[in-house]
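Engineer: To be precise about what I am sending: the file is called my_file24.pdb and holds PDB, C-alpha atoms.
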ATOM      1  CA  MET V 950      22.801  27.953 -13.223
ATOM      2  CA  THR V 951      21.307  24.450 -13.445
ATOM      3  CA  THR V 952      19.308  23.058 -10.526
ATOM      4  CA  ARG V 953      19.450  19.285 -10.146
ATOM      5  CA  ARG V 954      16.154  17.530  -9.322
ATOM      6  CA  THR V 955      16.287  14.724  -6.815
ATOM      7  CA  VAL V 956      13.739  12.278  -5.463
ATOM      8  CA  ARG V 957      12.660  12.964  -1.902
ATOM      9  CA  PHE V 958      11.091   9.973  -0.205
ATOM     10  CA  ALA V 959       8.115  10.549   2.076
ATOM     11  CA  GLY V 960       8.513   9.516   5.679
ATOM     12  CA  LEU V 961      12.273   9.109   5.763
ATOM     13  CA  THR V 962      13.004  12.216   7.812
ATOM     14  CA  ALA V 963      15.203  10.283  10.231
ATOM     15  CA  LEU V 964      17.900   9.848   7.593
ATOM     16  CA  THR V 965      20.623  12.451   7.356
ATOM     17  CA  ALA V 966      20.873  14.420   4.133
ATOM     18  CA  ALA V 967      24.192  12.877   3.155
ATOM     19  CA  ALA V 968      23.237   9.282   3.927
ATOM     20  CA  ALA V 969      23.029   6.718   1.174
ATOM     21  CA  PHE V 970      20.162   4.282   1.461
ATOM     22  CA  SER V 971      18.181   1.631  -0.349
ATOM     23  CA  LEU V 972      14.467   0.958  -0.367
ATOM     24  CA  THR V 973      12.770  -2.408  -0.411
ATOM     25  CA  VAL V 974       9.156  -2.422  -1.535
ATOM     26  CA  PHE V 975       6.874  -5.199  -0.315
ATOM     27  CA  GLN V 976       3.468  -5.937  -1.814
ATOM     28  CA  ALA V 977       2.407  -9.065   0.041
ATOM     29  CA  GLY V 978       5.734 -10.519  -1.032
ATOM     30  CA  SER V 979       9.198  -9.478  -2.013
ATOM     31  CA  SER V 980       9.123  -6.749  -4.635
ATOM     32  CA  VAL V 981      12.264  -4.669  -4.431
ATOM     33  CA  ALA V 982      12.886  -1.015  -5.222
ATOM     34  CA  SER V 983      16.119   0.676  -4.380
ATOM     35  CA  ALA V 984      16.950   4.323  -4.433
ATOM     36  CA  SER V 985      20.012   6.453  -4.040
ATOM     37  CA  PRO V 986      19.728  10.220  -3.915
ATOM     38  CA  ALA V 987      21.545  11.966  -6.738
ATOM     39  CA  SER V 988      23.033  14.710  -4.588
ATOM     40  CA  LYS V 989      24.160  15.207  -1.027
ATOM     41  CA  ASP V 990      21.705  18.044  -0.464
ATOM     42  CA  THR V 991      18.702  15.719  -0.741
ATOM     43  CA  THR V 992      16.120  16.279   1.976
ATOM     44  CA  SER V 993      13.036  14.289   2.856
ATOM     45  CA  LEU V 994       9.346  15.049   2.825
ATOM     46  CA  SER V 995       6.949  14.013   5.557
ATOM     47  CA  HIS V 996       3.165  13.930   5.520
ATOM     48  CA  SER V 997       0.475  13.700   8.149
ATOM     49  CA  ILE V 998      -2.452  11.322   7.909
ATOM     50  CA  GLY V 999      -6.075  12.241   8.506
ATOM     51  CA  GLU V1000      -7.193  14.738  11.132
ATOM     52  CA  GLY V1001      -4.875  13.641  13.910
ATOM     53  CA  GLY V1002      -1.698  13.069  11.909
ATOM     54  CA  ALA V1003       0.680  10.162  12.053
ATOM     55  CA  GLY V1004       1.841  10.966  15.579
ATOM     56  CA  SER V1005      -1.552  11.274  17.248
ATOM     57  CA  ALA V1006      -3.003   8.824  19.757
ATOM     58  CA  GLU V1007      -5.642   7.627  17.293
ATOM     59  CA  TYR V1008      -2.921   6.088  15.098
ATOM     60  CA  GLN V1009      -1.455   3.421  17.386
ATOM     61  CA  ALA V1010       0.277   0.300  16.056
ATOM     62  CA  GLY V1011      -2.262  -2.027  14.496
ATOM     63  CA  SER V1012      -4.965   0.639  14.482
ATOM     64  CA  LYS V1013      -7.203   1.519  11.564
ATOM     65  CA  ALA V1014      -5.847   4.659   9.933
ATOM     66  CA  ASP V1015      -8.194   5.409   7.041
ATOM     67  CA  THR V1016     -10.591   4.126   4.408
ATOM     68  CA  GLU V1017     -10.261   5.489   0.874
ATOM     69  CA  THR V1018     -12.276   4.935  -2.290
ATOM     70  CA  LEU V1019     -10.000   4.082  -5.201
ATOM     71  CA  VAL V1020     -10.427   5.231  -8.786
ATOM     72  CA  ASP V1021     -12.169   1.999  -9.879
ATOM     73  CA  GLY V1022     -14.722   2.228  -7.045
ATOM     74  CA  SER V1023     -13.078  -0.366  -4.807
ATOM     75  CA  THR V1024     -12.099   0.516  -1.246
ATOM     76  CA  ALA V1025      -8.708   0.599   0.453
ATOM     77  CA  ARG V1026      -8.776  -0.153   4.184
ATOM     78  CA  ILE V1027      -5.531   1.310   5.538
ATOM     79  CA  SER V1028      -4.080   0.292   8.894
ATOM     80  CA  LYS V1029      -1.064   1.616  10.737
ATOM     81  CA  LEU V1030       1.130  -1.235  11.953
ATOM     82  CA  GLY V1031       4.033   0.836  13.311
ATOM     83  CA  ASP V1032       6.334   3.739  12.523
ATOM     84  CA  LEU V1033       6.598   4.070   8.728
ATOM     85  CA  HIS V1034       4.592   0.839   8.386
ATOM     86  CA  TYR V1035       1.115   0.783   6.857
ATOM     87  CA  SER V1036      -0.911  -1.922   5.165
ATOM     88  CA  ALA V1037      -3.893  -1.593   2.849
ATOM     89  CA  GLU V1038      -6.510  -4.169   1.995
ATOM     90  CA  ILE V1039      -8.145  -3.567  -1.375
ATOM     91  CA  VAL V1040     -11.804  -4.565  -1.062
ATOM     92  CA  SER V1041     -14.155  -5.092  -4.021
ATOM     93  CA  ASP V1042     -17.723  -6.373  -3.670
ATOM     94  CA  GLY V1043     -17.049  -7.156  -0.019
ATOM     95  CA  ALA V1044     -14.007  -9.361  -0.680
ATOM     96  CA  VAL V1045     -10.317  -8.552  -0.122
ATOM     97  CA  VAL V1046      -8.748  -8.833  -3.582
ATOM     98  CA  ALA V1047      -5.230  -7.551  -2.834
ATOM     99  CA  THR V1048      -3.025  -6.391   0.028
ATOM    100  CA  LEU V1049      -0.252  -3.791   0.028
ATOM    101  CA  ASP V1050       2.393  -3.614   2.765
ATOM    102  CA  ALA V1051       4.505  -0.442   3.002
ATOM    103  CA  ASP V1052       7.051  -1.261   5.717
ATOM    104  CA  ARG V1053       9.573   1.625   5.716
ATOM    105  CA  HIS V1054       9.301   1.606   1.905
ATOM    106  CA  ASP V1055       6.518   2.412  -0.549
ATOM    107  CA  ALA V1056       4.499  -0.415  -2.114
ATOM    108  CA  GLY V1057       2.852  -0.620  -5.541
ATOM    109  CA  LEU V1058       0.257  -2.673  -7.373
ATOM    110  CA  ASP V1059      -1.008  -3.120 -10.919
ATOM    111  CA  ALA V1060      -4.606  -4.260 -10.363
ATOM    112  CA  ASN V1061      -5.649  -5.043 -13.934
ATOM    113  CA  GLY V1062      -5.052  -1.515 -15.189
ATOM    114  CA  MET V1063      -5.679   0.357 -11.945
ATOM    115  CA  TYR V1064      -2.376   1.396 -10.412
ATOM    116  CA  VAL V1065      -1.987   1.898  -6.663
ATOM    117  CA  VAL V1066       0.877   3.238  -4.528
ATOM    118  CA  LEU V1067       0.781   3.023  -0.724
ATOM    119  CA  GLY V1068       3.356   5.255   0.939
ATOM    120  CA  VAL V1069       5.190   4.771   4.215
ATOM    121  CA  ASP V1070       3.157   7.735   5.474
ATOM    122  CA  GLY V1071      -0.125   5.838   4.973
ATOM    123  CA  GLU V1072      -1.249   7.869   1.975
ATOM    124  CA  ILE V1073      -2.654   5.902  -0.942
ATOM    125  CA  HIS V1074      -2.925   7.057  -4.544
ATOM    126  CA  SER V1075      -4.686   5.271  -7.425
ATOM    127  CA  TRP V1076      -5.095   6.030 -11.118
ATOM    128  CA  MET V1077      -5.788   4.483 -14.499
ATOM    129  CA  GLY V1078      -3.992   5.002 -17.786
ATOM    130  CA  GLY V1079      -0.565   6.368 -18.594
ATOM    131  CA  GLU V1080       0.847   2.937 -19.424
ATOM    132  CA  HIS V1081       4.054   2.167 -21.273
ATOM    133  CA  TYR V1082       4.664  -1.456 -22.232
ATOM    134  CA  GLY V1083       7.843  -3.525 -22.146
ATOM    135  CA  PRO V1084      11.492  -2.537 -22.391
ATOM    136  CA  GLY V1085      12.238   1.016 -23.514
ATOM    137  CA  THR V1086      12.750   4.608 -22.401
ATOM    138  CA  TYR V1087       9.629   6.504 -21.380
ATOM    139  CA  GLU V1088       8.719   9.979 -20.153
ATOM    140  CA  LEU V1089       6.794   9.811 -16.863
ATOM    141  CA  GLU V1090       4.541  12.255 -15.038
ATOM    142  CA  GLY V1091       6.371  14.774 -12.874
ATOM    143  CA  GLY V1092       9.243  15.157 -15.338
ATOM    144  CA  TRP V1093      10.920  11.817 -14.637
ATOM    145  CA  THR V1094      12.218   9.385 -17.261
ATOM    146  CA  ALA V1095      12.140   5.600 -16.913
ATOM    147  CA  GLU V1096      14.488   3.162 -18.613
ATOM    148  CA  VAL V1097      12.786  -0.243 -18.430
ATOM    149  CA  THR V1098      14.582  -3.531 -19.061
ATOM    150  CA  LYS V1099      13.374  -7.137 -18.947
ATOM    151  CA  LEU V1100      15.463  -9.370 -16.697
ATOM    152  CA  GLY V1101      13.464 -12.584 -17.035
ATOM    153  CA  GLU V1102      10.018 -14.122 -16.709
ATOM    154  CA  LEU V1103       7.831 -11.816 -14.558
ATOM    155  CA  ARG V1104      10.904  -9.709 -13.787
ATOM    156  CA  TYR V1105      11.445  -6.141 -14.969
ATOM    157  CA  HIS V1106      13.799  -3.380 -13.836
ATOM    158  CA  ALA V1107      13.382   0.394 -14.202
ATOM    159  CA  ASP V1108      15.929   3.144 -13.644
ATOM    160  CA  ILE V1109      14.209   6.434 -12.781
ATOM    161  CA  LEU V1110      16.182   9.382 -14.180
ATOM    162  CA  ASP V1111      16.068  13.079 -13.374
ATOM    163  CA  ASP V1112      16.106  15.838 -15.995
ATOM    164  CA  GLU V1113      19.909  15.604 -16.248
ATOM    165  CA  GLY V1114      19.849  11.880 -16.934
ATOM    166  CA  ALA V1115      21.102  10.807 -13.495
ATOM    167  CA  VAL V1116      19.596   7.673 -11.917
ATOM    168  CA  VAL V1117      17.772   8.761  -8.752
ATOM    169  CA  ALA V1118      15.803   5.575  -8.034
ATOM    170  CA  THR V1119      15.334   2.038  -9.284
ATOM    171  CA  LEU V1120      12.330  -0.258  -9.265
ATOM    172  CA  ASP V1121      12.519  -4.045  -9.525
ATOM    173  CA  ALA V1122       9.338  -6.007 -10.194
ATOM    174  CA  ASN V1123      10.487  -9.550  -9.424
ATOM    175  CA  LYS V1124       7.338 -11.717  -9.344
ATOM    176  CA  GLN V1125       5.715  -8.842  -7.386
ATOM    177  CA  ASP V1126       4.808  -5.343  -8.580
ATOM    178  CA  ALA V1127       6.819  -2.394  -7.253
ATOM    179  CA  GLY V1128       5.789   1.203  -6.554
ATOM    180  CA  LEU V1129       7.289   4.524  -5.590
ATOM    181  CA  ASP V1130       6.212   7.985  -4.422
ATOM    182  CA  ALA V1131       8.809  10.274  -6.031
ATOM    183  CA  ASN V1132       8.019  13.786  -4.788
ATOM    184  CA  ASP V1133       4.277  13.292  -5.267
ATOM    185  CA  SER V1134       4.761  11.605  -8.642
ATOM    186  CA  TYR V1135       3.531   8.047  -8.306
ATOM    187  CA  ILE V1136       5.112   5.203 -10.291
ATOM    188  CA  VAL V1137       4.214   1.507 -10.574
ATOM    189  CA  LEU V1138       6.274  -1.103 -12.401
ATOM    190  CA  SER V1139       4.465  -4.397 -12.879
ATOM    191  CA  THR V1140       5.606  -7.941 -13.473
ATOM    192  CA  ARG V1141       3.846  -7.647 -16.854
ATOM    193  CA  GLY V1142       6.466  -5.085 -17.878
ATOM    194  CA  VAL V1143       4.038  -2.178 -17.662
ATOM    195  CA  ILE V1144       5.166   1.095 -16.126
ATOM    196  CA  SER V1145       2.612   3.786 -15.315
ATOM    197  CA  SER V1146       2.796   7.106 -13.499
ATOM    198  CA  SER V1147       0.529   9.824 -12.130
ATOM    199  CA  VAL V1148       0.767  13.108 -10.271
TER     200      VAL V1148
END
What would the structure in this file look like if it were written as structure tokens?

Structural biologist:
Amino acid sequence: MTTRRTVRFAGLTALTAAAAFSLTVFQAGSSVASASPASKDTTSLSHSIGEGGAGSAEYQAGSKADTETLVDGSTARISKLGDLHYSAEIVSDGAVVATLDADRHDAGLDANGMYVVLGVDGEIHSWMGGEHYGPGTYELEGGWTAEVTKLGELRYHADILDDEGAVVATLDANKQDAGLDANDSYIVLSTRGVISSSV
């Protein structure tokens, strides 16, 4: 018997298992990622943040949620802005060098070879390496496959496939990088046509 793998998106527990949905990823702009579960039995994962968890009194709208050190030594200052809405300021040498906004959808960033995904649950993940460049078909961490195509200047599209070849998510980097947490596999597609992943 073959078991089909599907992407479960963190923080979307309010959706019914049979619902079809699309995700829009914002990284201080209008990057777009859409996803459609491959099977009707798809369920969602949820995570808690810090000691109190996402539902505790210390995580009110607009409150500071966490500070994390990223893999390159810079700092991410994460704030909760609302339900399934977190922002992160990336700070290096005391200056804010980038901002991520995960508003009901994950956000991603290619920061000169450091890749960052901010989830709708407020968790942030960063890594270096694992790059694939330009159009092509690539094996990603976590057992996923990406089919990357160039759509125009600073615009790339990636279909994320499961182990049976079914499209379970798409990422569109349209003048803004896009990112995705796919069952604790993290994927960034950049406007440079670079796709990178980590677990």

Engineer: As a check of understanding, name the residues that the PyMOL selection byres ((chain V and resi 1123) around 7) selects in the supplied structure, as a PyMOL selection string.

Structural biologist: chain V and resi 980+1103-1105+1121-1122+1124-1125+1140

Engineer: Quick one: pull the distance between CA of Ala1095 (chain V) and CA of Asp1133 (chain V), Å, one decimal.

Structural biologist: 16.0 Å

Engineer: Record the distance separating CA of Val1116 (chain V) and CA of His1081 (chain V), expressed in Å with one decimal.

Structural biologist: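 Computed distance, CA of Val1116 (chain V) to CA of His1081 (chain V), equals 19.0 Å.
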
Engineer: Every residue with an atom at most 12 Å from (-11.2, 7.9, -3.3) (file coordinates; all atoms listed in the file) is what I'm after, so could you write them as JSON, numbers by chain?

Structural biologist: {"V": [1015, 1016, 1017, 1018, 1019, 1020, 1021, 1022, 1023, 1024, 1025, 1026, 1065, 1072, 1073, 1074, 1075, 1076]}

Engineer: Which residue out of V:Lys1099, V:Gly1043, V:Val1137, V:Gly1142 has the minimum interatomic distance to Gly1078 (chain V) when only C-alpha atoms are used?

Structural biologist: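 Closest to Gly1078 (chain V), using only C-alpha atoms: V:Val1137.
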
Engineer: Please write the residues picked by the PyMOL selection byres ((chain V and resi 1090) around 12) on this file as a PDB file with C-alpha atoms, in the coordinates of the input.

Structural biologist:
ATOM      1  CA  GLY V1078      -3.992   5.002 -17.786  1.00  0.00           C
ATOM      2  CA  GLY V1079      -0.565   6.368 -18.594  1.00  0.00           C
ATOM      3  CA  GLU V1080       0.847   2.937 -19.424  1.00  0.00           C
ATOM      4  CA  HIS V1081       4.054   2.167 -21.273  1.00  0.00           C
ATOM      5  CA  TYR V1087       9.629   6.504 -21.380  1.00  0.00           C
ATOM      6  CA  GLU V1088       8.719   9.979 -20.153  1.00  0.00           C
ATOM      7  CA  LEU V1089       6.794   9.811 -16.863  1.00  0.00           C
ATOM      8  CA  GLY V1091       6.371  14.774 -12.874  1.00  0.00           C
ATOM      9  CA  GLY V1092       9.243  15.157 -15.338  1.00  0.00           C
ATOM     10  CA  TRP V1093      10.920  11.817 -14.637  1.00  0.00           C
ATOM     11  CA  THR V1094      12.218   9.385 -17.261  1.00  0.00           C
ATOM     12  CA  ALA V1095      12.140   5.600 -16.913  1.00  0.00           C
ATOM     13  CA  ILE V1109      14.209   6.434 -12.781  1.00  0.00           C
ATOM     14  CA  ASP V1111      16.068  13.079 -13.374  1.00  0.00           C
ATOM     15  CA  ASP V1130       6.212   7.985  -4.422  1.00  0.00           C
ATOM     16  CA  ALA V1131       8.809  10.274  -6.031  1.00  0.00           C
ATOM     17  CA  ASN V1132       8.019  13.786  -4.788  1.00  0.00           C
ATOM     18  CA  ASP V1133       4.277  13.292  -5.267  1.00  0.00           C
ATOM     19  CA  SER V1134       4.761  11.605  -8.642  1.00  0.00           C
ATOM     20  CA  TYR V1135       3.531   8.047  -8.306  1.00  0.00           C
ATOM     21  CA  ILE V1136       5.112   5.203 -10.291  1.00  0.00           C
ATOM     22  CA  VAL V1137       4.214   1.507 -10.574  1.00  0.00           C
ATOM     23  CA  ILE V1144       5.166   1.095 -16.126  1.00  0.00           C
ATOM     24  CA  SER V1145       2.612   3.786 -15.315  1.00  0.00           C
ATOM     25  CA  SER V1146       2.796   7.106 -13.499  1.00  0.00           C
ATOM     26  CA  SER V1147       0.529   9.824 -12.130  1.00  0.00           C
ATOM     27  CA  VAL V1148       0.767  13.108 -10.271  1.00  0.00           C
TER      28      VAL V1148
END

Engineer: Mind giving me the axis-aligned box for region 1135-1145 of chain V with 5 Å on every side, centre plus edges in Å to one decimal, as AutoDock Vina command-line options?

Structural biologist:
--center_x 4.5 --center_y 0.1 --center_z -13.1 --size_x 13.9 --size_y 26.0 --size_z 19.6

Engineer: Please compute the CA of Val1069 (chain V)-CA of Asp1050 (chain V) distance, one decimal, in Å.

Structural biologist: 9.0 Å

Engineer: Hey, can you pull every residue with an atom no more than 6 Å from (7.6, 0.9, -10.1), using only C-alpha atoms, and send it as an MDAnalysis selection string?

Structural biologist: chainID V and resid 1120 1127:1129 1136:1138

Engineer: With distances taken over all atoms listed in the file, which of V:His1054, V:Ala1115, V:Val1045, V:Asp1108 is nearest to Val1066 (chain V)?

Structural biologist: V:His1054

Engineer: Would you please work out which residue, of V:Met1077, V:Ala1118, V:Ala1051, V:Ala1107, is nearest to Met1063 (chain V) when using all atoms listed in the file?

Structural biologist: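 For Met1063 (chain V), the nearest of the given residues is V:Met1077.
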
Engineer: Name the residues in contact with Tyr1035 (chain V) at a cut-off of 7 Å, using only C-alpha atoms, excluding same-chain residues fewer than 2 positions from it; report them as JSON, numbers by chain.

Structural biologist: {"V": [1027, 1028, 1029, 1030, 1033, 1037, 1050, 1051, 1052, 1069, 1071]}

Engineer: Fix up region 1019-1035 of chain V with N, CA and C atoms, then write it as a tab-separated table (two decimals), in the frame of the given file.

Structural biologist:
chain	number	residue	atom	x	y	z
V	1019	LEU	N	-10.97	4.04	-4.11
V	1019	LEU	CA	-10.00	4.08	-5.20
V	1019	LEU	C	-10.69	4.42	-6.51
V	1020	VAL	N	-9.90	4.71	-7.53
V	1020	VAL	CA	-10.43	5.23	-8.79
V	1020	VAL	C	-11.39	4.27	-9.47
V	1021	ASP	N	-11.26	2.95	-9.25
V	1021	ASP	CA	-12.17	2.00	-9.88
V	1021	ASP	C	-13.41	1.71	-9.03
V	1022	GLY	N	-13.56	2.41	-7.91
V	1022	GLY	CA	-14.72	2.23	-7.04
V	1022	GLY	C	-14.49	1.25	-5.91
V	1023	SER	N	-13.39	0.52	-5.93
V	1023	SER	CA	-13.08	-0.37	-4.81
V	1023	SER	C	-12.62	0.47	-3.62
V	1024	THR	N	-12.44	-0.18	-2.48
V	1024	THR	CA	-12.10	0.52	-1.25
V	1024	THR	C	-10.76	0.03	-0.74
V	1025	ALA	N	-9.96	0.95	-0.22
V	1025	ALA	CA	-8.71	0.60	0.45
V	1025	ALA	C	-8.90	0.82	1.94
V	1026	ARG	N	-8.73	-0.25	2.73
V	1026	ARG	CA	-8.78	-0.15	4.18
V	1026	ARG	C	-7.34	-0.10	4.69
V	1027	ILE	N	-6.92	1.07	5.17
V	1027	ILE	CA	-5.53	1.31	5.54
V	1027	ILE	C	-5.38	1.19	7.04
V	1028	SER	N	-4.37	0.45	7.47
V	1028	SER	CA	-4.08	0.29	8.89
V	1028	SER	C	-2.65	0.67	9.16
V	1029	LYS	N	-2.42	1.31	10.31
V	1029	LYS	CA	-1.06	1.62	10.74
V	1029	LYS	C	-0.58	0.48	11.61
V	1030	LEU	N	0.57	-0.11	11.22
V	1030	LEU	CA	1.13	-1.24	11.95
V	1030	LEU	C	2.33	-0.83	12.81
V	1031	GLY	N	2.88	0.35	12.57
V	1031	GLY	CA	4.03	0.84	13.31
V	1031	GLY	C	4.58	2.08	12.65
V	1032	ASP	N	5.70	2.58	13.13
V	1032	ASP	CA	6.33	3.74	12.52
V	1032	ASP	C	6.74	3.41	11.09
V	1033	LEU	N	6.31	4.25	10.15
V	1033	LEU	CA	6.60	4.07	8.73
V	1033	LEU	C	6.17	2.69	8.22
V	1034	HIS	N	5.08	2.16	8.80
V	1034	HIS	CA	4.59	0.84	8.39
V	1034	HIS	C	3.06	0.86	8.32
V	1035	TYR	N	2.55	0.80	7.10
V	1035	TYR	CA	1.12	0.78	6.86
V	1035	TYR	C	0.78	-0.39	5.94
